[in-house]
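A.B. asks: I am attaching a structure below and will ask some questions about it afterwards.
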Amino acid sequence: MADDVHKVVLSQDIARKNGLAVGDTVTGSVVEGVRDWQENAHGTQAGFEIVGIYAATRSEPVSPATQESELQENMLFTDISTAKELFHAKFPERTEKDYTYRSGLMLFLKDPARMEETVSLLKQQPWADWDGLVISENSAAYQQAAGPIQKTASISLFLLAVILVISIVLLSLTLLMWLRERVTEIGILISLGLSARDICGQILLENYMVAAPAYGLSVLLGAALAGQAGRLAGGVLDSVKLSAAQAVVILVCAAAVVLATVLLASLPVTRKRPKDIFTDLS
């Protein structure tokens with residue numbers, strides 16, 4: 001919080017090794033050899049209340065030359081008021097107003113596409129004076145990786161539209177040839193009083209019964225091959241999955257294609273009178 005004083009957040013490793021928990025108090029002392037501290041400051045102490053414990057989820061490379069103060073597990077985070085106080089103790093000739101925190105806080109997003117939303121939510125948090133802080137966004141790596149993917153998505157959408165149009169044309173021609181063999185049946189049904197809507201509904205139901213198992217098989221194959229396609233892309237699309245929402249979109253598109261083909265192929269026949277149908281047959 002912005003009004004915190006002498007608060008600290010330390011690592012899970014330090015807490016576990018020293019039996020510390022939230023609410024406990026720890027004391028820090030300036031000893032000989034600490035960088036940039038003057039000799040007359042040796043022995044300076046400061047007490048801190050533990051208000052949080054963090055877990056290091058990323059491992060940084062270390063070597064025998066790595067200083068203990070640079071180890072990720074040894075890093076402690078305190079409030080801005082205490083940081084200014086220690087700054088004044090470290091540099092007595094300066095005032096707390098001269099203190100400028102430049103190290104910053106680095107946050108990593110699981111979904112870089114939500115960068116603007118995350119920054120907006122961050123600025124709404126009450127525990128910092130955001131007017132005195134600078135937020136720098138860096139999504140260059142994401143943009144570099146997302147660019148080709150977005151282009152691929154645009155191409156895929158165009159190909160999907162082309163495939164839908166071609167599917168409607170081919171299925172309409174196939175269904176039209178199939179209905180020509182059923183002209184006599186359609187003429188008899190119309191003469192018995194069935195409307196064009198009833199006949200189109202029957203033909204539509206027949207086509208949906210054929211399309212249903214084909215749709216189920218395509219969804220199963222798509223779900224199985226999606227992850228494999230991601231791995232073939234060098235791991236960039238390793239998380240590709242066929243979601244339930246995408247399966248519903250496919251179902252709607254398939255249903256629309258079948259409906260369009262049935263209407264295009266059946267209406268020219270069902271709109272004729274029985275007399276005209278049998279005259280054409282003769």
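Within each chain, counting starts at residue 1; across the structure tokens, chains are named A, B, ... in the order shown, with ligands numbered 1 upward in that order.
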Please list as JSON, numbers by chain every residue within 10 Å of segment 17-25 of chain A, counting only C-alpha atoms and excluding residues in the same chain fewer than 2 positions away.

C.D. replies: {"A": [6, 7, 8, 9, 10, 12, 13, 14, 15, 27, 47, 48, 49, 50, 51, 52, 53]}

A.B. asks: Of the candidates A:Glu85, A:Asp79, A:Glu206, A:Glu73, which one gets nearest to Asp4 of chain A if we count only C-alpha atoms?

C.D. replies: A:Asp79

A.B. asks: Which residue out of A:Ser266, A:Ile80, A:Leu259, A:Ile168 has the minimum interatomic distance to Leu133 of chain A when only C-alpha atoms are used?

C.D. replies: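 Once distances to Leu133 of chain A are computed over only C-alpha atoms, the minimum belongs to A:Ile80.
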
A.B. asks: Excluding Thr44 of chain A and any residue of its chain fewer than 4 positions from it, enumerate the residues within 9 Å of it, using only C-alpha atoms, and give them as a list in words.

C.D. replies: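 Counting only the stated atoms, we get Gly28, Ser29, Val30, Val31, Asn40 and Ala89 of chain A.
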
A.B. asks: Write a file of the just-selected residues containing C-alpha atoms, as a PDB file, in the first residue's frame.

C.D. replies:
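The result, stored in part-v8.pdb:
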ATOM      1  CA  GLY A  28      18.415  -5.836   8.496  1.00  0.00           C
ATOM      2  CA  SER A  29      21.883  -4.567   9.384  1.00  0.00           C
ATOM      3  CA  VAL A  30      24.590  -2.809   7.395  1.00  0.00           C
ATOM      4  CA  VAL A  31      27.844  -4.755   7.731  1.00  0.00           C
ATOM      5  CA  ASN A  40      30.314   5.330   9.547  1.00  0.00           C
ATOM      6  CA  ALA A  89      21.039   6.851   5.705  1.00  0.00           C
TER       7      ALA A  89
END

A.B. asks: Looking at only C-alpha atoms, which of A:Gln38, A:Ser136, A:Thr66, A:Asn74 is the one that sits closest to Phe87 of chain A?

C.D. replies: A:Gln38

A.B. asks: Using DSSP on the backbone coordinates, identify the residues of segment 20-255 of chain A assigned to strand (DSSP E); present them as a PyMOL selection string.

C.D. replies: chain A and resi 25-29+45-54+77-78
